[in-house]
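Colleague: Okay, so here is work_13.cif, and as you'll see once you scroll down, it has mmCIF, C-alpha atoms.
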```cif
data_coords
#
loop_
_atom_site.label_atom_id
_atom_site.label_comp_id
_atom_site.auth_asym_id
_atom_site.auth_seq_id
_atom_site.Cartn_x
_atom_site.Cartn_y
_atom_site.Cartn_z
CA MET L 1 -13.57 2.08 43.11
CA SER L 2 -14.71 1.18 39.60
CA ALA L 3 -13.50 2.96 36.43
CA THR L 4 -17.03 4.30 35.99
CA ALA L 5 -16.93 5.93 39.42
CA GLU L 6 -13.42 7.25 38.91
CA GLN L 7 -14.08 8.94 35.57
CA PRO L 8 -16.29 11.83 36.81
CA ASN L 9 -13.63 12.58 39.45
CA ALA L 10 -10.93 12.74 36.78
CA THR L 11 -13.09 15.06 34.70
CA GLU L 12 -13.83 17.35 37.65
CA ALA L 13 -10.15 17.41 38.60
CA ARG L 14 -9.22 18.57 35.10
CA ILE L 15 -11.97 21.21 35.10
CA ALA L 16 -10.89 22.46 38.54
CA ASN L 17 -7.42 23.27 37.21
CA LEU L 18 -8.79 25.50 34.44
CA ASN L 19 -10.46 28.90 34.41
CA LEU L 20 -13.89 29.29 32.84
CA ARG L 21 -14.48 32.59 31.07
CA SER L 22 -18.19 33.27 31.50
CA GLU L 23 -18.53 36.84 30.22
CA GLY L 24 -18.92 38.16 26.68
CA TRP L 25 -20.31 36.62 23.51
CA SER L 26 -18.58 33.23 24.03
CA GLY L 27 -19.81 32.75 27.60
CA SER L 28 -22.90 30.69 26.74
CA ALA L 29 -20.96 28.44 24.35
CA ARG L 30 -18.32 27.83 27.01
CA ALA L 31 -20.91 27.01 29.67
CA ASP L 32 -22.66 24.64 27.28
CA ALA L 33 -19.33 22.93 26.52
CA VAL L 34 -18.68 22.36 30.23
CA THR L 35 -22.10 20.75 30.57
CA ARG L 36 -21.41 18.47 27.62
CA LEU L 37 -17.94 17.63 28.94
CA ARG L 38 -19.33 16.61 32.32
CA ALA L 39 -21.96 14.44 30.65
CA MET L 40 -19.39 12.71 28.41
CA GLY L 41 -16.47 12.51 30.79
CA LEU L 42 -12.89 12.63 29.63
CA PRO L 43 -11.88 9.86 27.21
CA GLU L 44 -10.74 6.49 28.52
CA ARG L 45 -8.93 3.63 26.81
CA ARG L 46 -12.11 1.54 26.93
CA ASP L 47 -13.95 4.06 24.72
CA GLU L 48 -14.47 2.73 21.20
CA TYR L 49 -12.59 5.55 19.46
CA TRP L 50 -9.74 5.52 21.98
CA LYS L 51 -8.97 1.81 22.10
CA PHE L 52 -5.83 2.27 19.98
CA THR L 53 -4.52 5.37 21.79
CA ARG L 54 -3.99 5.95 25.50
CA PRO L 55 -5.50 9.35 26.39
CA ASP L 56 -3.87 9.65 29.83
CA ALA L 57 -1.18 12.17 28.89
CA LEU L 58 -3.83 14.37 27.25
CA THR L 59 -6.31 14.28 30.13
CA GLN L 60 -4.30 14.34 33.37
CA ALA L 61 -5.21 17.17 35.70
CA ASP L 62 -1.64 17.84 36.77
CA ALA L 63 0.90 19.73 34.71
CA PRO L 64 1.96 17.81 31.59
CA GLU L 65 5.14 15.80 31.46
CA ALA L 66 8.16 17.95 30.69
CA ALA L 67 8.88 18.34 26.98
CA VAL L 68 12.20 19.89 26.10
CA PHE L 69 12.12 21.66 22.76
CA HIS L 70 14.95 20.55 20.51
CA ALA L 71 15.81 23.37 18.14
CA GLY L 72 17.70 22.81 14.93
CA GLU L 73 15.13 22.73 12.16
CA ALA L 74 14.41 25.93 10.31
CA ALA L 75 10.88 27.29 10.63
CA LEU L 76 8.62 26.26 7.78
CA PHE L 77 7.08 28.71 5.32
CA ALA L 78 9.73 31.33 6.15
CA SER L 79 10.28 31.96 2.44
CA THR L 80 6.54 32.17 1.70
CA ASP L 81 4.83 35.56 1.63
CA THR L 82 2.31 35.30 4.46
CA LEU L 83 0.54 37.21 7.18
CA THR L 84 2.22 35.66 10.22
CA ILE L 85 0.58 35.25 13.63
CA VAL L 86 2.78 33.87 16.43
CA PHE L 87 1.84 32.17 19.68
CA ASP L 88 4.47 31.37 22.33
CA ASP L 89 3.36 28.43 24.47
CA GLY L 90 -0.23 29.35 23.63
CA VAL L 91 0.17 33.10 24.28
CA PHE L 92 -0.10 35.59 21.43
CA ASN L 93 3.19 37.36 20.68
CA PRO L 94 2.41 40.76 19.11
CA ASP L 95 6.07 41.64 18.59
CA ALA L 96 6.72 38.59 16.43
CA SER L 97 3.39 38.83 14.58
CA ASP L 98 2.35 40.91 11.63
CA ALA L 99 -0.42 43.48 11.87
CA LEU L 100 -3.76 41.70 12.02
CA ALA L 101 -5.13 43.27 8.87
CA MET L 102 -5.40 42.34 5.21
CA ASP L 103 -7.75 42.86 2.30
CA TYR L 104 -10.98 40.85 2.38
CA LEU L 105 -10.71 39.71 5.96
CA SER L 106 -10.98 40.76 9.56
CA ILE L 107 -8.84 39.14 12.26
CA GLU L 108 -9.23 39.39 16.01
CA ARG L 109 -7.77 37.56 18.95
CA LEU L 110 -10.18 35.36 20.86
CA ALA L 111 -8.78 36.74 24.12
CA GLU L 112 -9.65 40.34 23.13
CA ALA L 113 -13.00 39.91 21.38
CA ASP L 114 -15.20 40.88 24.34
CA ALA L 115 -18.24 42.38 22.62
CA ASP L 116 -21.59 40.95 23.67
CA ILE L 117 -22.57 40.59 20.00
CA HIS L 118 -19.99 39.10 17.65
CA TRP L 119 -20.15 37.33 14.29
CA ALA L 120 -18.14 34.41 15.74
CA LYS L 121 -20.99 33.57 18.12
CA GLY L 122 -22.66 31.71 15.25
CA VAL L 123 -19.64 29.45 14.82
CA TYR L 124 -17.69 29.25 18.10
CA GLY L 125 -18.53 25.93 19.72
CA VAL L 126 -21.34 25.39 17.20
CA LEU L 127 -19.48 23.13 14.77
CA GLU L 128 -17.71 21.44 17.66
CA ALA L 129 -21.06 20.66 19.30
CA ARG L 130 -22.44 19.30 16.02
CA GLY L 131 -19.37 17.10 15.74
CA GLN L 132 -20.12 15.39 19.05
CA THR L 133 -22.75 13.22 17.35
CA PRO L 134 -22.63 10.30 16.88
CA VAL L 135 -19.10 10.09 18.34
CA PRO L 136 -18.29 12.03 21.53
CA ARG L 137 -15.14 14.16 21.41
CA PRO L 138 -14.57 15.29 25.02
CA LEU L 139 -11.19 16.97 24.44
CA ALA L 140 -12.81 19.27 21.87
CA ALA L 141 -15.55 20.21 24.35
CA LEU L 142 -12.87 20.90 26.96
CA ASN L 143 -11.18 23.20 24.46
CA THR L 144 -14.34 25.16 23.67
CA ALA L 145 -14.95 25.68 27.37
CA PHE L 146 -11.45 26.70 28.44
CA ALA L 147 -9.56 28.03 25.38
CA THR L 148 -7.42 30.96 26.41
CA ASP L 149 -6.67 32.41 22.98
CA GLY L 150 -6.82 31.90 19.24
CA VAL L 151 -7.85 33.88 16.18
CA LEU L 152 -11.25 34.79 14.78
CA ILE L 153 -11.04 35.21 11.01
CA HIS L 154 -13.90 36.45 8.83
CA VAL L 155 -13.19 36.21 5.09
CA THR L 156 -15.23 38.23 2.60
CA GLY L 157 -13.26 37.72 -0.63
CA LYS L 158 -10.19 36.09 -2.14
CA VAL L 159 -7.39 36.79 0.34
CA PRO L 160 -4.15 37.64 -1.52
CA LYS L 161 -1.75 35.59 0.62
CA PRO L 162 -1.87 32.83 3.23
CA ILE L 163 -2.21 33.29 6.95
CA SER L 164 0.60 31.50 8.78
CA LEU L 165 -0.03 30.44 12.37
CA VAL L 166 3.27 29.78 14.13
CA TYR L 167 3.35 27.96 17.48
CA ASN L 168 6.58 28.45 19.43
CA HIS L 169 7.52 26.44 22.50
CA SER L 170 9.99 27.29 25.25
CA ASP L 171 8.35 26.36 28.59
CA GLU L 172 9.04 22.68 29.33
CA THR L 173 5.67 22.16 31.03
CA SER L 174 3.42 24.52 29.07
CA ASP L 175 -0.21 23.46 28.62
CA ALA L 176 -1.71 25.41 25.72
CA ILE L 177 -5.38 25.48 24.70
CA LEU L 178 -6.07 27.43 21.50
CA HIS L 179 -9.32 27.79 19.58
CA HIS L 180 -9.56 29.29 16.08
CA VAL L 181 -12.77 30.24 14.27
CA ILE L 182 -12.79 30.86 10.51
CA LYS L 183 -15.85 31.94 8.55
CA LEU L 184 -15.75 32.25 4.76
CA ASP L 185 -18.52 34.16 3.03
CA ALA L 186 -19.89 33.06 -0.34
CA GLY L 187 -17.16 33.02 -3.00
CA ALA L 188 -14.36 33.77 -0.52
CA GLU L 189 -11.00 31.99 -0.55
CA LEU L 190 -8.34 31.55 2.14
CA THR L 191 -5.22 29.48 2.77
CA VAL L 192 -4.12 28.81 6.36
CA LEU L 193 -0.68 27.42 7.23
CA GLU L 194 0.26 26.02 10.65
CA ASN L 195 3.57 24.91 12.07
CA GLY L 196 5.66 24.84 15.22
CA PRO L 197 6.07 22.72 18.36
CA ALA L 198 3.36 24.64 20.27
CA ALA L 199 3.68 23.38 23.87
CA ALA L 200 4.49 20.43 26.08
CA ARG L 201 0.80 19.56 25.87
CA PHE L 202 -1.30 21.13 23.14
CA ASN L 203 -5.07 21.10 22.70
CA LYS L 204 -6.29 22.95 19.63
CA VAL L 205 -9.64 23.33 17.91
CA MET L 206 -10.22 24.97 14.53
CA GLU L 207 -13.80 25.52 13.36
CA VAL L 208 -14.23 26.41 9.68
CA ASP L 209 -17.60 27.48 8.27
CA ILE L 210 -17.44 27.54 4.46
CA ALA L 211 -20.31 29.23 2.65
CA ASP L 212 -21.51 28.49 -0.89
CA THR L 213 -18.77 28.54 -3.59
CA ALA L 214 -16.07 29.42 -1.02
CA THR L 215 -12.67 27.68 -0.88
CA PHE L 216 -10.50 26.83 2.11
CA HIS L 217 -6.97 25.40 1.92
CA HIS L 218 -5.15 24.18 5.02
CA VAL L 219 -1.53 22.98 5.17
CA ARG L 220 -0.07 21.98 8.52
CA ALA L 221 3.27 20.64 9.71
CA GLN L 222 3.73 19.04 13.12
CA GLY L 223 7.39 18.54 13.88
CA ARG L 224 10.54 19.98 15.47
CA ASP L 225 9.50 18.73 18.94
CA HIS L 226 10.24 15.12 19.84
CA GLU L 227 8.39 15.11 23.17
CA ARG L 228 5.21 17.00 22.33
CA ARG L 229 1.81 15.55 23.24
CA ALA L 230 -0.99 17.04 21.20
CA ALA L 231 -4.70 16.65 20.50
CA THR L 232 -6.02 18.70 17.58
CA HIS L 233 -9.53 18.96 16.19
CA LEU L 234 -10.64 20.40 12.87
CA PHE L 235 -14.39 20.87 12.36
CA ALA L 236 -15.66 22.03 8.96
CA ARG L 237 -19.10 22.68 7.48
CA LEU L 238 -19.39 23.04 3.70
CA GLY L 239 -22.04 24.83 1.68
CA THR L 240 -23.07 24.38 -1.95
CA GLU L 241 -20.17 24.09 -4.44
CA SER L 242 -17.66 24.86 -1.71
CA THR L 243 -14.19 23.32 -1.35
CA PHE L 244 -12.19 22.21 1.67
CA LYS L 245 -8.69 20.75 1.37
CA SER L 246 -6.46 19.95 4.33
CA PHE L 247 -3.03 18.29 4.53
CA THR L 248 -0.99 17.50 7.64
CA LEU L 249 2.63 16.38 7.84
CA THR L 250 3.80 14.91 11.16
CA VAL L 251 7.44 13.97 11.70
CA ASN L 252 8.00 14.16 15.46
CA GLY L 253 6.13 14.11 18.76
CA ARG L 254 5.61 11.54 21.48
CA LEU L 255 1.82 11.43 21.11
CA THR L 256 -0.32 13.09 18.45
CA ARG L 257 -4.06 12.70 17.96
CA ASN L 258 -5.51 14.61 14.98
CA GLU L 259 -9.29 14.54 14.60
CA CYS L 260 -11.08 15.90 11.54
CA VAL L 261 -14.88 16.14 11.41
CA ILE L 262 -16.42 17.36 8.16
CA GLU L 263 -20.04 17.96 7.17
CA LEU L 264 -20.96 18.38 3.50
CA THR L 265 -24.31 20.14 3.80
CA GLY L 266 -24.55 21.77 0.36
CA ASP L 267 -24.81 20.08 -3.03
CA ASP L 268 -21.65 19.63 -5.16
CA ALA L 269 -19.25 20.30 -2.28
CA ILE L 270 -15.71 18.87 -2.21
CA ALA L 271 -13.76 17.84 0.90
CA HIS L 272 -10.27 16.36 0.81
CA VAL L 273 -8.32 15.55 3.98
CA ALA L 274 -4.87 13.98 3.78
CA GLY L 275 -1.92 13.25 6.00
CA ALA L 276 1.61 11.90 5.88
CA CYS L 277 3.66 10.92 8.90
CA VAL L 278 7.06 9.39 9.52
CA GLY L 279 7.76 8.07 13.00
CA ASP L 280 10.81 6.63 14.72
CA GLY L 281 10.93 4.99 18.14
CA ASP L 282 8.68 6.33 20.91
CA PHE L 283 6.16 7.80 18.48
CA HIS L 284 2.39 7.33 18.53
CA HIS L 285 0.34 9.00 15.81
CA ASP L 286 -3.46 8.80 15.50
CA ASP L 287 -5.58 10.17 12.66
CA THR L 288 -9.32 9.98 13.35
CA VAL L 289 -11.60 11.26 10.58
CA PHE L 290 -15.40 11.43 10.27
CA ILE L 291 -16.96 12.76 7.05
CA THR L 292 -20.73 13.13 6.71
CA HIS L 293 -22.37 13.45 3.29
CA ASP L 294 -25.70 15.20 3.71
CA ALA L 295 -26.21 16.63 0.21
CA GLU L 296 -26.18 15.48 -3.39
CA ARG L 297 -23.20 15.05 -5.75
CA CYS L 298 -20.56 15.69 -3.11
CA GLU L 299 -17.00 14.36 -3.21
CA SER L 300 -14.78 13.39 -0.31
CA ARG L 301 -11.27 11.95 -0.16
CA GLN L 302 -9.29 10.64 2.79
CA VAL L 303 -5.66 9.82 1.94
CA PHE L 304 -3.34 8.85 4.81
CA LYS L 305 0.16 7.38 4.61
CA LYS L 306 2.36 6.45 7.58
CA VAL L 307 6.01 5.36 7.64
CA LEU L 308 6.99 3.69 10.91
CA ARG L 309 10.13 2.13 12.38
CA ASN L 310 11.89 1.25 15.65
CA GLY L 311 8.62 0.46 17.43
CA ALA L 312 6.62 3.49 16.27
CA VAL L 313 2.82 3.14 16.25
CA GLY L 314 0.40 4.55 13.70
CA VAL L 315 -3.39 4.64 13.99
CA PHE L 316 -6.06 5.46 11.42
CA GLN L 317 -9.78 5.60 12.17
CA GLY L 318 -11.77 6.92 9.23
CA LYS L 319 -15.47 6.90 8.53
CA ILE L 320 -17.68 7.99 5.65
CA LEU L 321 -21.35 8.44 6.57
CA VAL L 322 -23.75 8.90 3.65
CA LYS L 323 -27.16 10.05 4.82
CA ALA L 324 -30.44 9.24 3.11
CA GLY L 325 -30.93 11.56 0.15
CA ALA L 326 -27.20 12.19 -0.38
CA GLN L 327 -27.35 10.68 -3.87
CA LYS L 328 -24.43 10.69 -6.33
CA THR L 329 -21.97 10.72 -3.43
CA ASP L 330 -18.36 10.00 -4.39
CA GLY L 331 -16.43 8.93 -1.28
CA TYR L 332 -12.89 7.58 -1.30
CA GLN L 333 -10.76 6.52 1.63
CA ILE L 334 -7.28 4.97 1.71
CA SER L 335 -4.96 4.39 4.66
CA GLN L 336 -1.61 2.68 4.21
CA SER L 337 1.49 2.10 6.27
CA LEU L 338 5.08 1.28 5.40
CA LEU L 339 6.70 -0.66 8.24
CA LEU L 340 10.48 -0.44 8.05
CA ASP L 341 11.04 -3.10 10.72
CA GLY L 342 9.22 -5.82 12.58
CA ASP L 343 8.72 -3.81 15.76
CA SER L 344 6.42 -1.08 14.46
CA GLU L 345 2.64 -1.31 14.33
CA PHE L 346 -0.21 0.08 12.25
CA LEU L 347 -3.77 -0.10 13.57
CA ALA L 348 -6.60 0.76 11.20
CA LYS L 349 -10.36 0.99 11.45
CA PRO L 350 -11.91 2.10 8.12
CA GLU L 351 -15.71 2.40 8.04
CA LEU L 352 -18.52 3.06 5.57
CA GLU L 353 -22.13 3.70 6.61
CA ILE L 354 -24.42 4.33 3.65
CA TYR L 355 -28.15 5.12 3.55
CA ALA L 356 -28.41 6.24 -0.10
CA ASP L 357 -28.55 3.87 -3.07
CA ASP L 358 -26.86 5.86 -5.86
CA VAL L 359 -23.32 6.32 -4.55
CA VAL L 360 -19.73 5.37 -5.31
CA CYS L 361 -17.82 4.77 -2.08
CA SER L 362 -14.66 2.78 -1.45
CA HIS L 363 -12.15 2.28 1.31
CA GLY L 364 -8.97 0.32 1.72
CA SER L 365 -6.23 -0.17 4.25
CA THR L 366 -2.92 -1.95 3.76
CA SER L 367 0.29 -2.41 5.68
CA GLY L 368 3.57 -3.77 4.40
CA ALA L 369 7.35 -3.64 4.23
CA ILE L 370 9.61 -1.93 1.73
CA ASP L 371 9.42 -3.37 -1.80
CA GLU L 372 12.51 -5.58 -1.95
CA GLU L 373 12.46 -5.79 -5.76
CA ALA L 374 12.36 -2.03 -6.11
CA LEU L 375 15.10 -1.69 -3.50
CA PHE L 376 17.25 -4.26 -5.34
CA TYR L 377 16.66 -2.39 -8.62
CA LEU L 378 17.92 0.88 -7.18
CA ARG L 379 20.91 -0.73 -5.45
CA SER L 380 21.89 -2.59 -8.62
CA ARG L 381 22.17 0.79 -10.30
CA GLY L 382 24.55 2.17 -7.74
CA VAL L 383 22.18 3.81 -5.24
CA PRO L 384 23.29 2.99 -1.64
CA GLU L 385 20.72 1.23 0.53
CA ALA L 386 19.83 4.18 2.81
CA PRO L 387 19.19 6.73 0.02
CA ALA L 388 17.36 4.06 -1.96
CA THR L 389 15.09 3.38 1.01
CA ASP L 390 14.45 7.12 1.32
CA LEU L 391 13.47 7.35 -2.37
CA LEU L 392 10.99 4.50 -2.00
CA THR L 393 9.63 6.06 1.18
CA LEU L 394 9.02 9.38 -0.56
CA ALA L 395 7.33 7.57 -3.44
CA PHE L 396 5.06 5.81 -0.94
CA LEU L 397 4.07 9.14 0.67
CA ALA L 398 3.56 10.93 -2.65
CA GLU L 399 -0.19 10.26 -3.01
CA ALA L 400 -0.88 12.06 0.27
CA VAL L 401 1.53 14.95 -0.38
CA GLU L 402 0.06 15.52 -3.83
CA GLU L 403 -3.23 16.46 -2.18
CA ILE L 404 -1.58 19.88 -1.52
CA GLU L 405 -2.83 21.98 -4.40
CA ASP L 406 -0.15 24.70 -4.26
CA GLU L 407 3.06 23.43 -5.86
CA GLY L 408 5.29 25.70 -3.78
CA LEU L 409 3.79 24.48 -0.51
CA ARG L 410 4.04 20.91 -1.76
CA ASP L 411 7.77 21.40 -2.37
CA VAL L 412 8.21 22.75 1.17
CA MET L 413 6.71 19.56 2.57
CA VAL L 414 8.83 17.31 0.37
CA ASP L 415 11.98 19.19 1.43
CA ARG L 416 11.05 18.73 5.10
CA LEU L 417 10.45 15.02 4.57
CA GLU L 418 13.76 14.60 2.75
CA GLY L 419 15.61 16.36 5.54
CA TRP L 420 13.99 14.24 8.23
CA LEU L 421 14.75 10.99 6.42
CA GLU L 422 18.35 11.99 5.84
CA ARG L 423 18.85 12.82 9.55
CA HIS L 424 17.29 9.54 10.66
CA ARG L 425 19.18 7.15 8.42
CA GLY L 426 20.69 4.09 10.00
#
```
What is this structure when it is put down as structure tokens?
Modeller:
Amino acid sequence: MSATAEQPNATEARIANLNLRSEGWSGSARADAVTRLRAMGLPERRDEYWKFTRPDALTQADAPEAAVFHAGEAALFASTDTLTIVFDDGVFNPDASDALAMDYLSIERLAEADADIHWAKGVYGVLEARGQTPVPRPLAALNTAFATDGVLIHVTGKVPKPISLVYNHSDETSDAILHHVIKLDAGAELTVLENGPAAARFNKVMEVDIADTATFHHVRAQGRDHERRAATHLFARLGTESTFKSFTLTVNGRLTRNECVIELTGDDAIAHVAGACVGDGDFHHDDTVFITHDAERCESRQVFKKVLRNGAVGVFQGKILVKAGAQKTDGYQISQSLLLDGDSEFLAKPELEIYADDVVCSHGSTSGAIDEEALFYLRSRGVPEAPATDLLTLAFLAEAVEEIEDEGLRDVMVDRLEGWLERHRG
């Protein structure tokens, strides 16, 4: 049987193992997502945007491969004053979570929001569906259809402290599907933090609708679990003079695919998405980003740095699309890798597609080894080789980490990076 004939069967097998929730305000969005998923089919290696990453472990109908959670690292953001929401293997844990209430916002669980009319109906699955064009994203459609839980956050003002989403993992074969919806009204401001191993296989979607003059900050850490396989999707729509800034640190995991799809639909909007990863051995990390400029005088930045060794693989696929009429666009994209040995690999596909004539857009992608002159300089001044290599590695990652606007959160990420590098010396 050909691959074309096999693919619908694989998709139907995956769907058959999941439960479709058809009632309530999200029912129509879920049904629509199933229809789109069947039309697209689950991703295959031959698909253009999956040619660098094997999707098998993310799409198999059977239970995911066992992933034993290796404890030892302290939870991130523990010293930060936050409203904490905890999920254990994709299931909300009320005992470990704070009360879902704070000034200028309303928070509900997706699993409990059963009203026929709900504000989230205008966002849930809407941004995800918009993000399916021109590139299909079947795992995101699967998530919209079958997500079992998540949070619905409506922000009406400047929220006084961050929301911290913590994903715990204890079941070796857990298969978690979470979907978060965040809507910021005009002038509102929110910071969302995410961290934790999550599950053996993790599929997460976050949809963020940012109204005029609103600001959204997102800082995420993916680590602590060496065997995790995860596919995450972040969809954002920006209004006039709004701001979106997202940073992700990844230090562990067997397979990680992070997709970010951003639409700048209002004039003078700003969108920055950045990531830093350090991988060792059986580590495959894929950042796939698509930013659409559809308004005037908007700014976007993509800054991704990867440090790889012992056969680790890093992937970056980033695109800037400037539509006709999106004049005065300022788009910047950089993806770089530091290969600490000859066995690791960095695969990059940067793209620009521009239909306006008054723009400033640039992209670049480089890959190289440690700077031997800089390493010699440090060693000649008494710094041992391993700590010297760590210093140069941190300097290489700095441009991405500096995209975190909050200095305290930036320091947390640097501390985590330093700890990881120290443990993996040799």
Colleague: Which residues come within 6 Å of L:Ala236, counting all atoms listed in the file, excluding same-chain residues fewer than 4 positions away, as a VMD selection string?
Modeller: chain L and resid 207 to 209 262
Colleague: Env of L:Pro138: 12 Å cut, atoms = all atoms listed in the file, seq-sep filter 4 positions within chain, self excluded. Answer as a ChimeraX atom specification.
Modeller: /L:11,14-15,33-44,47,49-50,55,58-59,128-129,131-133,142-145,203,205,231-233,259
Colleague: Identify which of the residues L:Asp415, L:Glu108, L:Glu405, L:Glu373 lies closest to L:Leu392, counting only C-alpha atoms when measuring atom-to-atom distances.
Modeller: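 Looking only at the distances to L:Leu392, the closest residue turns out to be L:Glu373.
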Colleague: For a test of reading the model, state the distance in Å between atom CA of L:Phe376 and atom CA of L:Lys306, rounded to one decimal.
Modeller: 22.4 Å
Colleague: Step by step, work through what the PyMOL selection byres ((chain L and resi 387) around 12) selects in the shown file, and finish by giving those residues as a list of chain:residue names.
Modeller: L:Leu375, L:Leu378, L:Arg379, L:Gly382, L:Val383, L:Pro384, L:Glu385, L:Ala386, L:Ala388, L:Thr389, L:Asp390, L:Leu391, L:Leu392, L:Thr393, L:Leu394, L:Glu418, L:Gly419, L:Leu421, L:Glu422, L:Arg423, L:His424, L:Arg425, L:Gly426
Colleague: Starting from the PyMOL selection byres ((chain L and resi 349) around 10), expand the selection into actual residues of this file and give them as a PyMOL selection string.
Modeller: chain L and resi 49+52+288+315-319+335+347-348+350-351+364-365
Colleague: Name the residues that the PyMOL selection byres ((chain L and resi 67) around 10) pulls out of this structure, and write them as a list in words.
Modeller: Pro64, Glu65, Ala66, Val68, Phe69, His70, His169, Ser170, Asp171, Glu172, Thr173, Ser174, Ala199, Ala200, Arg201, Asp225, His226, Glu227, Arg228, Arg229, Gly253 and Arg254 of chain L
Colleague: For L:Arg21, find every residue with an atom within 8 Å (counting all atoms listed in the file), except residues of its own chain fewer than 6 positions away, and show them as an NGL selection string.
Modeller: :L and (27 or 30 or 145-146)
Colleague: Return the single residue from L:Ser26, L:Asn310, L:Ser367, L:Thr256 that is closest to L:Ser337, with distances computed using all atoms listed in the file.
Modeller: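 Result for the nearest residue to L:Ser337: L:Ser367.
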